[in-house]
Every structure is written in C-alpha cells, then in structure tokens.
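A.B. asks: See entry21.cif below, with mmCIF, C-alpha atoms.
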data_protein
loop_
_atom_site.label_atom_id
_atom_site.label_comp_id
_atom_site.auth_asym_id
_atom_site.auth_seq_id
_atom_site.Cartn_x
_atom_site.Cartn_y
_atom_site.Cartn_z
CA MET C 1324 18.81 26.21 -15.52
CA THR C 1325 15.37 27.68 -16.19
CA ALA C 1326 13.05 27.64 -13.26
CA GLU C 1327 9.70 26.09 -13.95
CA ARG C 1328 6.68 27.82 -12.61
CA VAL C 1329 4.66 26.24 -9.83
CA PRO C 1330 1.12 27.60 -10.05
CA ILE C 1331 -0.21 29.39 -6.99
CA LEU C 1332 -3.97 29.22 -6.68
CA ARG C 1333 -5.88 31.68 -4.61
CA VAL C 1334 -9.17 30.86 -2.91
CA ASP C 1335 -10.25 34.02 -1.18
CA VAL C 1336 -7.64 34.55 1.57
CA ILE C 1337 -6.00 31.17 1.18
CA LEU C 1338 -3.22 30.24 -1.23
CA LEU C 1339 -2.88 26.72 -2.58
CA VAL C 1340 0.33 25.32 -3.94
CA THR C 1341 0.72 21.82 -5.33
CA LEU C 1342 4.25 20.54 -5.81
CA GLN C 1343 4.57 17.71 -8.32
CA GLY C 1344 7.20 15.54 -9.90
CA ASP C 1345 10.90 16.16 -9.79
CA LEU C 1346 11.55 19.73 -8.85
CA ASP C 1347 14.90 21.38 -9.28
CA ASP C 1348 16.38 23.92 -6.90
CA ALA C 1349 15.62 26.88 -9.16
CA THR C 1350 11.95 25.99 -9.31
CA VAL C 1351 11.67 25.82 -5.54
CA LEU C 1352 13.49 29.12 -5.15
CA ARG C 1353 11.20 30.74 -7.70
CA LEU C 1354 8.20 29.43 -5.78
CA GLU C 1355 9.56 30.95 -2.59
CA GLU C 1356 9.81 34.34 -4.27
CA GLU C 1357 6.44 34.24 -6.00
CA LEU C 1358 4.62 32.99 -2.94
CA THR C 1359 5.95 35.77 -0.73
CA HIS C 1360 5.05 38.30 -3.44
CA GLU C 1361 1.57 36.91 -3.71
CA VAL C 1362 1.15 37.06 0.07
CA ALA C 1363 2.22 40.70 0.03
CA ARG C 1364 0.08 41.60 -2.97
CA ARG C 1365 -3.29 40.74 -1.51
CA ARG C 1366 -4.73 39.96 1.87
CA THR C 1367 -3.76 36.39 2.72
CA ARG C 1368 -4.46 34.47 5.90
CA GLY C 1369 -3.38 30.96 5.09
CA ALA C 1370 -1.29 28.91 2.71
CA LEU C 1371 -1.55 25.22 1.97
CA ILE C 1372 1.33 23.37 0.34
CA ASP C 1373 0.45 19.96 -1.04
CA LEU C 1374 3.33 17.49 -1.40
CA SER C 1375 1.24 14.44 -2.28
CA GLY C 1376 2.57 14.42 -5.83
CA LEU C 1377 6.16 14.61 -4.72
CA PRO C 1378 8.17 11.39 -4.88
CA VAL C 1379 11.28 12.74 -3.16
CA VAL C 1380 12.42 15.74 -1.21
CA ASP C 1381 16.07 16.52 -0.79
CA SER C 1382 17.45 18.45 2.13
CA PHE C 1383 17.69 21.64 0.09
CA MET C 1384 14.04 21.54 -0.90
CA ALA C 1385 13.00 20.70 2.64
CA ARG C 1386 15.00 23.64 3.92
CA VAL C 1387 13.37 25.98 1.43
CA ILE C 1388 9.93 24.73 2.43
CA GLY C 1389 10.82 25.42 6.06
CA ARG C 1390 12.07 28.88 5.09
CA ILE C 1391 8.93 29.65 3.09
CA ALA C 1392 6.92 28.72 6.15
CA SER C 1393 8.91 31.06 8.39
CA LEU C 1394 8.72 33.89 5.86
CA VAL C 1395 5.01 33.81 5.32
CA ARG C 1396 4.33 33.33 9.01
CA LEU C 1397 6.19 36.54 9.65
CA MET C 1398 3.78 38.09 7.21
CA GLY C 1399 0.86 36.85 9.29
CA VAL C 1400 -0.03 33.80 7.25
CA GLU C 1401 -0.64 30.34 8.68
CA ILE C 1402 0.99 27.64 6.60
CA VAL C 1403 0.11 23.97 6.48
CA VAL C 1404 2.04 21.29 4.59
CA VAL C 1405 -0.13 18.36 3.53
CA GLY C 1406 0.04 15.11 1.61
CA ILE C 1407 3.42 13.82 2.74
CA GLN C 1408 3.38 10.11 1.84
CA PRO C 1409 4.77 7.47 4.25
CA ALA C 1410 7.91 6.84 2.20
CA LEU C 1411 8.57 10.55 1.89
CA ALA C 1412 8.06 11.03 5.63
CA VAL C 1413 10.63 8.34 6.35
CA THR C 1414 13.11 9.92 3.94
CA MET C 1415 12.62 13.34 5.46
CA VAL C 1416 13.16 12.02 8.97
CA GLU C 1417 16.29 10.18 7.85
CA LEU C 1418 17.58 13.34 6.17
CA GLY C 1419 17.06 15.12 9.45
CA VAL C 1420 14.68 17.58 7.81
CA ASP C 1421 13.36 19.87 10.47
CA LEU C 1422 9.79 20.89 9.78
CA ARG C 1423 9.06 21.13 13.48
CA HIS C 1424 7.76 24.65 13.10
CA VAL C 1425 5.59 23.84 10.14
CA ARG C 1426 2.12 22.52 10.69
CA THR C 1427 1.18 19.37 8.84
CA ALA C 1428 -1.98 17.51 7.90
CA LEU C 1429 -2.68 14.24 6.17
CA ASN C 1430 -4.43 15.63 3.10
CA ALA C 1431 -5.72 18.84 1.58
CA GLY C 1432 -9.13 18.44 3.20
CA LYS C 1433 -7.72 18.12 6.69
CA GLY C 1434 -5.25 20.87 5.92
CA MET C 1435 -8.03 23.27 5.00
CA ALA C 1436 -9.90 22.39 8.20
CA LEU C 1437 -6.72 23.05 10.16
CA LEU C 1438 -6.20 26.40 8.45
CA ARG C 1439 -9.75 27.47 9.23
CA ARG C 1440 -9.31 26.35 12.80
CA LEU C 1441 -6.04 28.23 13.20
CA GLY C 1442 -7.09 31.49 11.74
CA ASP C 1443 -10.82 31.36 12.30
CA LEU C 1444 -10.97 31.98 8.57
CA MET B 625 34.69 -33.96 -13.71
CA VAL B 626 36.42 -33.18 -16.94
CA SER B 627 39.17 -30.71 -16.36
CA GLU B 628 40.11 -27.87 -18.62
CA SER B 629 43.52 -29.06 -19.70
CA GLN B 630 42.70 -32.68 -20.29
CA PRO B 631 41.79 -33.31 -23.94
CA LEU B 632 38.77 -35.48 -24.55
CA LYS B 633 40.04 -38.70 -25.92
CA ASP B 634 36.98 -40.74 -25.60
CA GLU B 635 33.87 -38.93 -26.75
CA ALA B 636 31.57 -41.77 -25.86
CA THR B 637 32.79 -41.76 -22.26
CA PHE B 638 32.34 -38.03 -22.07
CA ARG B 639 28.79 -38.26 -23.39
CA ALA B 640 28.00 -40.98 -20.86
CA VAL B 641 29.35 -38.81 -18.03
CA VAL B 642 27.30 -35.83 -19.15
CA GLU B 643 24.21 -37.97 -19.57
CA SER B 644 24.46 -39.41 -16.08
CA ALA B 645 25.03 -36.07 -14.37
CA PRO B 646 22.39 -35.19 -11.77
CA ASN B 647 22.03 -31.69 -13.20
CA ALA B 648 21.04 -30.40 -16.59
CA MET B 649 24.21 -30.11 -18.68
CA VAL B 650 24.45 -27.94 -21.76
CA MET B 651 27.58 -27.68 -23.86
CA ILE B 652 28.01 -24.78 -26.24
CA ASN B 653 30.67 -23.87 -28.76
CA ASN B 654 32.40 -20.51 -29.02
CA GLN B 655 29.49 -19.18 -31.10
CA GLY B 656 27.04 -19.88 -28.29
CA VAL B 657 25.48 -22.74 -30.23
CA ILE B 658 24.33 -25.76 -28.26
CA VAL B 659 26.24 -28.88 -29.25
CA LEU B 660 25.26 -31.31 -26.52
CA VAL B 661 22.59 -31.64 -23.84
CA ASN B 662 21.62 -34.42 -21.45
CA GLY B 663 18.30 -35.94 -20.42
CA GLN B 664 18.05 -33.68 -17.35
CA THR B 665 18.13 -30.68 -19.67
CA GLU B 666 15.19 -32.08 -21.62
CA ARG B 667 13.25 -32.61 -18.40
CA LEU B 668 14.13 -29.20 -16.93
CA PHE B 669 13.37 -27.11 -20.00
CA GLY B 670 10.71 -29.26 -21.67
CA TYR B 671 12.50 -29.44 -25.02
CA ASP B 672 13.56 -32.51 -26.95
CA ARG B 673 17.32 -32.60 -27.40
CA ASN B 674 17.01 -32.32 -31.17
CA GLU B 675 15.08 -29.07 -30.61
CA LEU B 676 18.06 -27.68 -28.70
CA VAL B 677 21.17 -28.91 -30.45
CA GLY B 678 22.24 -26.49 -33.17
CA LYS B 679 20.33 -23.55 -31.62
CA ARG B 680 21.72 -20.62 -29.72
CA VAL B 681 21.85 -21.09 -25.97
CA GLU B 682 19.99 -17.79 -25.57
CA MET B 683 16.75 -19.70 -26.26
CA LEU B 684 17.02 -20.92 -22.66
CA VAL B 685 17.56 -17.40 -21.32
CA PRO B 686 14.49 -15.32 -20.37
CA GLU B 687 13.70 -12.55 -22.83
CA ARG B 688 14.69 -9.74 -20.43
CA PHE B 689 18.25 -11.06 -20.06
CA ARG B 690 18.61 -12.38 -23.60
CA GLN B 691 20.05 -9.29 -25.22
CA ARG B 692 22.96 -8.98 -22.82
CA HIS B 693 23.75 -12.65 -22.67
CA PRO B 694 26.07 -12.87 -25.73
CA GLU B 695 28.15 -10.12 -24.12
CA HIS B 696 28.51 -12.12 -20.90
CA ARG B 697 29.27 -15.19 -22.98
CA ALA B 698 32.07 -13.36 -24.81
CA GLY B 699 33.37 -12.22 -21.44
CA PHE B 700 33.61 -15.78 -20.25
CA TYR B 701 35.40 -16.88 -23.42
CA ALA B 702 37.89 -14.09 -22.95
CA ASP B 703 38.81 -15.43 -19.50
CA PRO B 704 37.68 -19.04 -19.32
CA GLN B 705 37.84 -20.19 -15.71
CA PRO B 706 35.52 -22.68 -14.06
CA ARG B 707 33.10 -20.51 -12.08
CA MET B 708 29.50 -19.85 -11.17
CA MET B 709 27.51 -17.73 -13.59
CA GLY B 710 26.25 -14.33 -12.49
CA ALA B 711 27.78 -14.40 -9.03
CA GLY B 712 25.32 -13.08 -6.48
CA ARG B 713 22.54 -12.46 -8.97
CA ASP B 714 19.31 -14.42 -9.33
CA LEU B 715 19.41 -16.46 -12.50
CA TYR B 716 16.46 -17.86 -14.38
CA GLY B 717 16.00 -20.22 -17.29
CA VAL B 718 12.98 -20.17 -19.54
CA ARG B 719 11.18 -23.39 -20.43
CA LYS B 720 9.60 -24.31 -23.74
CA ASP B 721 6.17 -23.35 -22.35
CA GLY B 722 7.50 -19.90 -21.44
CA THR B 723 7.55 -20.43 -17.67
CA GLU B 724 10.70 -19.49 -15.80
CA VAL B 725 12.71 -21.56 -13.42
CA PRO B 726 15.25 -20.24 -10.89
CA VAL B 727 18.62 -21.85 -11.55
CA GLU B 728 22.22 -21.94 -10.50
CA ILE B 729 24.73 -22.39 -13.30
CA GLY B 730 28.30 -23.59 -13.11
CA LEU B 731 30.51 -22.91 -16.12
CA ASN B 732 33.44 -25.10 -17.17
CA PRO B 733 35.64 -24.39 -20.15
CA ILE B 734 36.63 -27.50 -22.10
CA GLU B 735 39.47 -27.64 -24.59
CA THR B 736 39.12 -30.20 -27.33
CA ALA B 737 40.74 -30.93 -30.65
CA ASP B 738 37.72 -29.20 -32.24
CA GLY B 739 38.24 -26.04 -30.23
CA ARG B 740 37.05 -24.57 -26.98
CA PHE B 741 33.66 -25.37 -25.56
CA VAL B 742 31.82 -24.40 -22.42
CA LEU B 743 29.95 -26.95 -20.38
CA ALA B 744 27.21 -25.42 -18.25
CA ALA B 745 25.81 -27.38 -15.32
CA ILE B 746 22.34 -26.06 -14.56
CA ALA B 747 20.73 -26.82 -11.20
CA ASP B 748 17.03 -26.25 -10.60
CA ILE B 749 16.86 -24.32 -7.30
CA THR B 750 13.08 -23.88 -7.20
CA GLU B 751 12.77 -25.69 -3.90
CA ARG B 752 15.49 -23.71 -2.23
CA VAL B 753 14.02 -20.44 -3.46
CA GLU B 754 10.59 -21.47 -2.20
CA ARG B 755 12.07 -22.36 1.16
CA GLU B 756 13.85 -19.05 1.41
CA LYS B 757 10.68 -17.20 0.47
CA LEU B 758 8.77 -19.07 3.16
CA LEU B 759 11.45 -18.23 5.72
CA GLN B 760 11.38 -14.58 4.70
CA ARG B 761 7.61 -14.54 4.93
CA GLN B 762 7.71 -16.02 8.39
CA ARG B 763 10.33 -13.51 9.47
CA ASP B 764 8.14 -10.72 8.09
CA GLU B 765 5.13 -12.10 9.93
CA ILE B 766 7.00 -12.23 13.21
CA LEU B 767 8.12 -8.65 12.73
CA GLU B 768 4.56 -7.73 11.80
CA LEU B 769 3.20 -9.39 14.92
CA SER B 770 5.70 -7.58 17.06
CA THR B 771 4.67 -4.17 15.69
CA PRO B 772 0.88 -4.05 15.79
CA VAL B 773 -0.95 -0.83 15.03
CA MET B 774 -4.51 -0.66 16.34
CA GLN B 775 -7.24 1.79 15.66
CA VAL B 776 -8.63 2.41 19.14
CA TRP B 777 -10.95 5.23 18.23
CA GLU B 778 -11.90 7.15 15.16
CA ASN B 779 -8.74 9.00 14.05
CA VAL B 780 -6.82 7.57 17.01
CA LEU B 781 -4.23 4.81 16.64
CA ALA B 782 -2.44 2.93 19.40
CA LEU B 783 0.95 1.36 19.04
CA PRO B 784 1.95 -0.77 21.99
CA ILE B 785 5.64 -1.53 21.86
CA ILE B 786 6.68 -4.66 23.66
CA GLY B 787 10.29 -5.69 23.91
CA THR B 788 13.44 -4.05 22.75
CA LEU B 789 13.21 -1.51 19.99
CA ASP B 790 16.20 -2.10 17.76
CA SER B 791 16.62 -0.10 14.60
CA SER B 792 15.31 -2.70 12.14
CA ARG B 793 12.20 -3.15 14.24
CA ALA B 794 11.87 0.58 14.69
CA ALA B 795 12.03 1.08 10.93
CA ARG B 796 9.33 -1.51 10.36
CA LEU B 797 7.23 -0.02 13.12
CA THR B 798 7.47 3.46 11.64
CA GLU B 799 6.58 2.19 8.21
CA ASN B 800 3.52 0.32 9.51
CA LEU B 801 2.44 3.27 11.58
CA LEU B 802 2.73 5.77 8.72
CA GLN B 803 0.75 3.52 6.43
CA ALA B 804 -1.90 3.09 9.11
CA ILE B 805 -2.08 6.86 9.54
CA ALA B 806 -2.83 7.22 5.84
CA ARG B 807 -5.32 4.35 5.85
CA TYR B 808 -7.28 5.38 8.96
CA GLU B 809 -6.81 9.12 8.48
CA ALA B 810 -5.46 9.16 11.98
CA GLU B 811 -4.84 12.44 13.74
CA PHE B 812 -3.51 11.04 17.00
CA VAL B 813 -1.11 8.23 17.70
CA ILE B 814 -0.61 6.79 21.15
CA ILE B 815 2.75 5.09 21.47
CA ASP B 816 2.74 2.95 24.56
CA ILE B 817 6.20 2.11 25.79
CA SER B 818 5.29 0.42 29.08
CA GLY B 819 6.46 -2.87 27.54
CA VAL B 820 9.89 -1.60 26.60
CA PRO B 821 12.36 -2.88 29.18
CA THR B 822 15.03 -0.22 28.83
CA ILE B 823 15.29 3.03 27.00
CA ASP B 824 18.80 3.75 25.80
CA SER B 825 19.81 6.50 23.45
CA ALA B 826 19.29 4.34 20.34
CA VAL B 827 15.76 3.44 21.40
CA ALA B 828 14.99 7.05 22.26
CA GLN B 829 16.28 8.19 18.87
CA ASN B 830 14.21 5.57 17.08
CA LEU B 831 11.16 6.60 19.05
CA LEU B 832 11.69 10.22 18.15
CA LYS B 833 12.03 9.35 14.47
CA THR B 834 8.70 7.56 14.63
CA VAL B 835 7.11 10.59 16.27
CA MET B 836 8.61 12.92 13.65
CA GLY B 837 7.46 10.71 10.80
CA ALA B 838 3.93 10.65 12.19
CA ARG B 839 3.98 14.41 12.58
CA LEU B 840 4.99 14.93 8.96
CA MET B 841 1.84 13.08 8.05
CA GLY B 842 -0.22 15.33 10.26
CA ALA B 843 -0.64 13.01 13.25
CA GLU B 844 0.22 14.06 16.76
CA SER B 845 1.88 11.51 19.01
CA ILE B 846 1.22 10.91 22.67
CA ILE B 847 3.67 8.72 24.54
CA SER B 848 2.18 6.60 27.26
CA GLY B 849 3.54 4.18 29.82
CA VAL B 850 6.56 6.21 30.73
CA ARG B 851 7.85 4.70 33.96
CA PRO B 852 9.93 6.76 36.40
CA ASP B 853 13.18 5.13 35.31
CA THR B 854 12.25 5.57 31.65
CA ALA B 855 11.44 9.21 32.22
CA GLN B 856 14.76 9.70 33.94
CA ALA B 857 16.57 8.02 31.06
CA MET B 858 14.80 10.18 28.49
CA VAL B 859 15.55 13.39 30.33
CA HIS B 860 19.11 12.24 30.77
CA LEU B 861 19.41 11.56 27.06
CA GLY B 862 18.21 15.04 26.30
CA VAL B 863 15.08 13.89 24.49
CA ASP B 864 13.12 17.00 23.65
CA ILE B 865 10.15 16.53 25.96
CA GLY B 866 8.71 19.93 25.17
CA ALA B 867 7.53 18.80 21.75
CA LEU B 868 6.18 15.54 23.07
CA ARG B 869 2.94 14.96 24.90
CA SER B 870 3.15 12.21 27.43
CA ARG B 871 0.84 10.39 29.83
CA ALA B 872 1.41 7.76 32.48
CA THR B 873 -1.02 5.17 31.14
CA LEU B 874 -2.60 4.21 27.85
CA ARG B 875 -5.95 5.11 29.34
CA ASP B 876 -4.85 8.64 30.18
CA ALA B 877 -3.31 8.99 26.75
CA LEU B 878 -6.54 7.96 25.05
CA GLN B 879 -8.44 10.42 27.22
CA LEU B 880 -6.05 13.17 26.15
CA ALA B 881 -6.38 12.23 22.49
CA LEU B 882 -10.17 12.33 22.72
CA ALA B 883 -10.10 15.66 24.51
CA LEU B 884 -7.82 17.15 21.85
CA ARG B 885 -10.04 15.73 19.15
CA ARG B 886 -13.13 17.27 20.72
CA GLU B 887 -11.35 20.60 20.86
CA ASP B 888 -10.51 20.38 17.16
CA ASP B 889 -14.05 19.37 16.32
CA ALA B 890 -15.47 22.28 18.28
CA ARG B 891 -13.18 24.71 16.55
CA ASN B 892 -13.97 23.16 13.21
CA ALA B 893 -17.66 23.68 13.89
CA ARG B 894 -17.08 27.30 14.88
CA SER B 895 -15.02 28.07 11.81
CA ARG B 896 -17.44 26.55 9.38
CA PRO B 897 -19.22 29.30 7.48
#
Re-express the file's structure as structure tokens.
C.D. replies:
Amino acid sequence: MTAERVPILRVDVILLVTLQGDLDDATVLRLEEELTHEVARRRTRGALIDLSGLPVVDSFMARVIGRIASLVRLMGVEIVVVGIQPALAVTMVELGVDLRHVRTALNAGKGMALLRRLGDL
Amino acid sequence: MVSESQPLKDEATFRAVVESAPNAMVMINNQGVIVLVNGQTERLFGYDRNELVGKRVEMLVPERFRQRHPEHRAGFYADPQPRMMGAGRDLYGVRKDGTEVPVEIGLNPIETADGRFVLAAIADITERVEREKLLQRQRDEILELSTPVMQVWENVLALPIIGTLDSSRAARLTENLLQAIARYEAEFVIIDISGVPTIDSAVAQNLLKTVMGARLMGAESIISGVRPDTAQAMVHLGVDIGALRSRATLRDALQLALALRREDDARNARSRP
C-alpha cells in the first residue's frame, strides 16, 4: 500500500492540513510523521486540521488524529480540528472516538480565531 | 382462482375470469412474452391490449429494474410457486406515458396443454403508499415538534428537552442540534433538562452523546435545569461532570454562555494584528 501525501501548508507559525476523500491507514500514518517533522523543522505555534472534506472517519483514523494532537501539543503546538460535519460527528460519537483533548471549531475561520486566541499568535 | 395443477379446459371461461378480476392481470409465456391482459391492465398502464400482447413483459417494468428482470423471471420459472413478487421490496410499474406506479404483484404458475404460463395479478397500491407517506410525515413532524432547537442569541442555541429521552428521540435531537450548529454557526448550546422527568443511565448516555457530538462541531454545551434529584442521579451514574458546564436555570445558563462569548470576543480582539 503506497501512502498518499497529504499536503501541509504553512502560514507563518501555523500549519494547515486538509484531509479529503477516502484516506487509507498508511496515508494517515504518513501525515502523522510529516506533520511532527514539520513542527520540529521550523517554529510552529498552531496547527489546524480540516475534516470538512472527509465523508467518514474510522476508529483507527480518529485515534491517529488524537495521537497527532497529543504529539504536537507536547511540542508546544496548539491543535484545532475543524469542519466535522453533523453526520461525521454522529458517527464519531457512535464509534466512541475520544477527541476530548482535542479542541474543535465549526470551520476553518473559527478555528483560526481559536488558535490566535489560544496562543496569542 | 385457477390452480396450478388444474388444466384449462375452457379457455373462454378462463378469459372471462381474468377479465372480471379486480386487479390488472397479465399472463406471460415462458419467454416473458405477454399473451393475455385484462381491461384493468389497460386502465392501469394506459396501453391498449393489442399494444401489449406479443411484447415482452419488461415494457411494464421501469428502466432501472428492466435489465435484471429476465433473470428474476427465469428464477421463477425454475421454481414455479404461487407467491408475491419481490418480497419486501418496493415494486413499480411504468405506464405508457412514462410515469411510475407503485404496485404489488402476485405470481401464479399455470400449466396448460400449450405449456407453462405465469399469471401476474398487479394491484395499484398508490393510495396505500400515499397513506403510509402521510403517516410517516406526521410521525416525523411529531418528533420534530418534540425536539425544537432555538437560536436564543447570536451563536447561542437552546434545546429544551421535555419528556422522556429515549434513544430514537435522542438520535433525532442530536441530528437536529448538529445541523442547527452548522446553520447558525453556534458556539454554545444550552441543553435544558428541567422538563425531563427522570434521568436514568440510558438518558444520561444519550445526553452525553449529544454533548460530545456538539463538541466535535466546535460548540460547547451548558446543561441547565438540573434538579437536585437529577444531579444525584447523574453523579450516581458516574456522568463525567468535570467536562460539563452546568447551571440551575436556563437564565443562568444563557448568562454563562454570554459571558464566555464576551471573553472569546475580547481575546479575539486582543489577538487581532
């Protein structure tokens, strides 16, 4: 299985990641690795992960997202997950996905505001 | 009714029986070619009988089912038993003008000297379908009415829950709430449970799911209307209070939401370059 590459955009000290379509496990794992590398490479204060283009999340992917959040937070980065659609939210709750320690916002705009607020960026 | 084993001695009698049947009757041969229809068939499908006889029965089957129909037909011929067609599935016929009609179809194999035929009795169930739709709509409306989501302030929604919160209602409530969060860009949700008579573990779980769903969409929940007995029940059930903000009344909850919103706004203003 070849892992596809999820682009990581950098805006100053904030990283933006947009997850789209059907993602396989390898792709999510590759994202985890590249995101932590990118955080280490240059000064980063916040990361925003946009799930609005994601139709489904399985428990594995949700776990990895939770893990990414813990990892980068340890590295001093605030992380916000945005764009979870109603149907996806219901699925995640039913799956028992625990994103309790991840901050969330409705959309990218609100997520950016939240990041600024959190880190006084 | 003509039974499977009884050969048809009197064709005229048989035709008269078919003609007088209250339903549309279509008889096909083992090639799927229509050999006989009655007046009800003409009225139901809008064809003249001479437009039907000699054609494949698939002309009465909507396009999207047409391709698979010969297969089903062969299946029936392989094991010819009187039965309903497509058990449990919604069946449709297509009229001459292209419109579709919901139908129920009974299949009867008929052995004759000329070979095996299938007589299909087709009942128009439009009225029943309409009635069921109406019933469903009314049920939906009642559910809708029992799970209102109100925007009480900019970015603040209120969800008064009145009555017992069973899981089907809880699911509907969560769905409505999450959609409202997206629509109103809500950041706070006040869930008022003063109208819930008893909180048992199922209700508490459902409530928590709603709160978690809202949180995933970036909205913070405040529970209001927690009576002493309710509070006791929730603590007893081990509901994680730490993660949940709670106020005694809707009014206090709204005040809290507004205060939190002001805080956010102030910090937003500070952080703006």
A.B. asks: Using all atoms listed in the file, determine which residues lie at most 7 Å from range 1398-1415 of chain C, disregarding the query and same-chain residues fewer than 5 positions distant; provide the list as a count of residues only.
C.D. replies: 28
A.B. asks: Would you kindly report the residues of chain B within 12 Å of chain C, using all atoms listed in the file, as a PyMOL selection string?
C.D. replies: chain B and resi 779+794-812+829-844+864+866-868+887-897
A.B. asks: Generate the output file for the selected residues, C-alpha atoms, as an mmCIF file, keeping the file's coordinate frame.
C.D. replies:
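part02.cif was written with the following content:
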data_model
loop_
_atom_site.group_PDB
_atom_site.id
_atom_site.type_symbol
_atom_site.label_atom_id
_atom_site.label_comp_id
_atom_site.auth_asym_id
_atom_site.auth_seq_id
_atom_site.Cartn_x
_atom_site.Cartn_y
_atom_site.Cartn_z
ATOM 1 C CA ASN B 779 -8.740 9.000 14.050
ATOM 2 C CA ALA B 794 11.870 0.580 14.690
ATOM 3 C CA ALA B 795 12.030 1.080 10.930
ATOM 4 C CA ARG B 796 9.330 -1.510 10.360
ATOM 5 C CA LEU B 797 7.230 -0.020 13.120
ATOM 6 C CA THR B 798 7.470 3.460 11.640
ATOM 7 C CA GLU B 799 6.580 2.190 8.210
ATOM 8 C CA ASN B 800 3.520 0.320 9.510
ATOM 9 C CA LEU B 801 2.440 3.270 11.580
ATOM 10 C CA LEU B 802 2.730 5.770 8.720
ATOM 11 C CA GLN B 803 0.750 3.520 6.430
ATOM 12 C CA ALA B 804 -1.900 3.090 9.110
ATOM 13 C CA ILE B 805 -2.080 6.860 9.540
ATOM 14 C CA ALA B 806 -2.830 7.220 5.840
ATOM 15 C CA ARG B 807 -5.320 4.350 5.850
ATOM 16 C CA TYR B 808 -7.280 5.380 8.960
ATOM 17 C CA GLU B 809 -6.810 9.120 8.480
ATOM 18 C CA ALA B 810 -5.460 9.160 11.980
ATOM 19 C CA GLU B 811 -4.840 12.440 13.740
ATOM 20 C CA PHE B 812 -3.510 11.040 17.000
ATOM 21 C CA GLN B 829 16.280 8.190 18.870
ATOM 22 C CA ASN B 830 14.210 5.570 17.080
ATOM 23 C CA LEU B 831 11.160 6.600 19.050
ATOM 24 C CA LEU B 832 11.690 10.220 18.150
ATOM 25 C CA LYS B 833 12.030 9.350 14.470
ATOM 26 C CA THR B 834 8.700 7.560 14.630
ATOM 27 C CA VAL B 835 7.110 10.590 16.270
ATOM 28 C CA MET B 836 8.610 12.920 13.650
ATOM 29 C CA GLY B 837 7.460 10.710 10.800
ATOM 30 C CA ALA B 838 3.930 10.650 12.190
ATOM 31 C CA ARG B 839 3.980 14.410 12.580
ATOM 32 C CA LEU B 840 4.990 14.930 8.960
ATOM 33 C CA MET B 841 1.840 13.080 8.050
ATOM 34 C CA GLY B 842 -0.220 15.330 10.260
ATOM 35 C CA ALA B 843 -0.640 13.010 13.250
ATOM 36 C CA GLU B 844 0.220 14.060 16.760
ATOM 37 C CA ASP B 864 13.120 17.000 23.650
ATOM 38 C CA GLY B 866 8.710 19.930 25.170
ATOM 39 C CA ALA B 867 7.530 18.800 21.750
ATOM 40 C CA LEU B 868 6.180 15.540 23.070
ATOM 41 C CA GLU B 887 -11.350 20.600 20.860
ATOM 42 C CA ASP B 888 -10.510 20.380 17.160
ATOM 43 C CA ASP B 889 -14.050 19.370 16.320
ATOM 44 C CA ALA B 890 -15.470 22.280 18.280
ATOM 45 C CA ARG B 891 -13.180 24.710 16.550
ATOM 46 C CA ASN B 892 -13.970 23.160 13.210
ATOM 47 C CA ALA B 893 -17.660 23.680 13.890
ATOM 48 C CA ARG B 894 -17.080 27.300 14.880
ATOM 49 C CA SER B 895 -15.020 28.070 11.810
ATOM 50 C CA ARG B 896 -17.440 26.550 9.380
ATOM 51 C CA PRO B 897 -19.220 29.300 7.480
#
A.B. asks: Could you work out how far CA of Ile786 in chain B lies from CA of Ala872 in chain B, giving the answer in Å with one decimal?
C.D. replies: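 Interatomic distance, CA of Ala872 in chain B to CA of Ile786 in chain B: 16.1 Å.
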A.B. asks: Would you compute the distance between CA of His693 in chain B and CA of Lys720 in chain B? Give it in Å to one decimal.
C.D. replies: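 Computing it gives 18.4 Å between the two atoms.
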A.B. asks: Which residue out of B:Ser845, B:Arg885, B:Gly656, B:Arg869 has the minimum interatomic distance to Glu695 in chain B when all atoms listed in the file are used?
C.D. replies: B:Gly656
A.B. asks: Please report the interatomic distance between CA of Val661 in chain B and CA of Met649 in chain B in Å with one decimal.
C.D. replies: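 A separation of 5.6 Å between them.
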A.B. asks: Have a look at C:Leu1377, C:Val1329, C:Arg1364, C:Leu1358 and name the one nearest to Gly1344 in chain C; count all atoms listed in the file.
C.D. replies: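 For Gly1344 in chain C, the nearest of the candidates is C:Leu1377.
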A.B. asks: Near range 742-755 of chain B, counting only C-alpha atoms, which residues have an atom at most 6 Å away, once you skip same-chain residues fewer than 2 positions from it, shown as a list in words?
C.D. replies: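 Within the cut-off, the hits are Asn647, Ala648, Met649, Val650, Met651, Ile652, Pro726, Val727, Glu728, Ile729, Gly730, Leu731, Asn732, Pro733, Ile734, Lys757 and Leu758 of chain B.
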A.B. asks: Write the residues of the preceding selection, restricted to C-alpha atoms, as an mmCIF file, in the coordinates of the input.
C.D. replies:
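File written: out.cif
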data_model
loop_
_atom_site.group_PDB
_atom_site.id
_atom_site.type_symbol
_atom_site.label_atom_id
_atom_site.label_comp_id
_atom_site.auth_asym_id
_atom_site.auth_seq_id
_atom_site.Cartn_x
_atom_site.Cartn_y
_atom_site.Cartn_z
ATOM 1 C CA ASN B 647 22.030 -31.690 -13.200
ATOM 2 C CA ALA B 648 21.040 -30.400 -16.590
ATOM 3 C CA MET B 649 24.210 -30.110 -18.680
ATOM 4 C CA VAL B 650 24.450 -27.940 -21.760
ATOM 5 C CA MET B 651 27.580 -27.680 -23.860
ATOM 6 C CA ILE B 652 28.010 -24.780 -26.240
ATOM 7 C CA PRO B 726 15.250 -20.240 -10.890
ATOM 8 C CA VAL B 727 18.620 -21.850 -11.550
ATOM 9 C CA GLU B 728 22.220 -21.940 -10.500
ATOM 10 C CA ILE B 729 24.730 -22.390 -13.300
ATOM 11 C CA GLY B 730 28.300 -23.590 -13.110
ATOM 12 C CA LEU B 731 30.510 -22.910 -16.120
ATOM 13 C CA ASN B 732 33.440 -25.100 -17.170
ATOM 14 C CA PRO B 733 35.640 -24.390 -20.150
ATOM 15 C CA ILE B 734 36.630 -27.500 -22.100
ATOM 16 C CA LYS B 757 10.680 -17.200 0.470
ATOM 17 C CA LEU B 758 8.770 -19.070 3.160
#
A.B. asks: Determine the nearest neighbour of Glu724 in chain B from the options B:Arg740, B:Arg871, B:His696, B:Arg688, counting only C-alpha atoms.
C.D. replies: B:Arg688
A.B. asks: Choose the residue, out of B:Leu880, B:Ala855, B:Arg667, B:Glu635, that has the smallest atom-to-atom separation from Asp738 in chain B; count only C-alpha atoms.
C.D. replies: B:Glu635
A.B. asks: What box, with edges along x, y and z, holds each listed atom of range 1409-1427 of chain C when 8 Å is added on every side, and can you state its centre and edge lengths in Å to one decimal, as JSON?
C.D. replies:
{"center_x": 9.4, "center_y": 15.7, "center_z": 7.7, "size_x": 32.4, "size_y": 33.8, "size_z": 27.6}
A.B. asks: Running the PyMOL selection byres ((chain C and resi 1346-1354) around 8) on this model by hand, what would come out? Give it as JSON, numbers by chain.
C.D. replies: {"C": [1324, 1325, 1326, 1327, 1328, 1329, 1342, 1343, 1344, 1345, 1355, 1356, 1357, 1358, 1383, 1384, 1387]}
A.B. asks: Nearest to Trp777 in chain B: which of B:Glu666, B:Ala881, B:Asn654, B:Asp876 is it, counting all atoms listed in the file?
C.D. replies: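 Going through B:Glu666, B:Ala881, B:Asn654, B:Asp876 one by one, the smallest distance to Trp777 in chain B is for B:Ala881.
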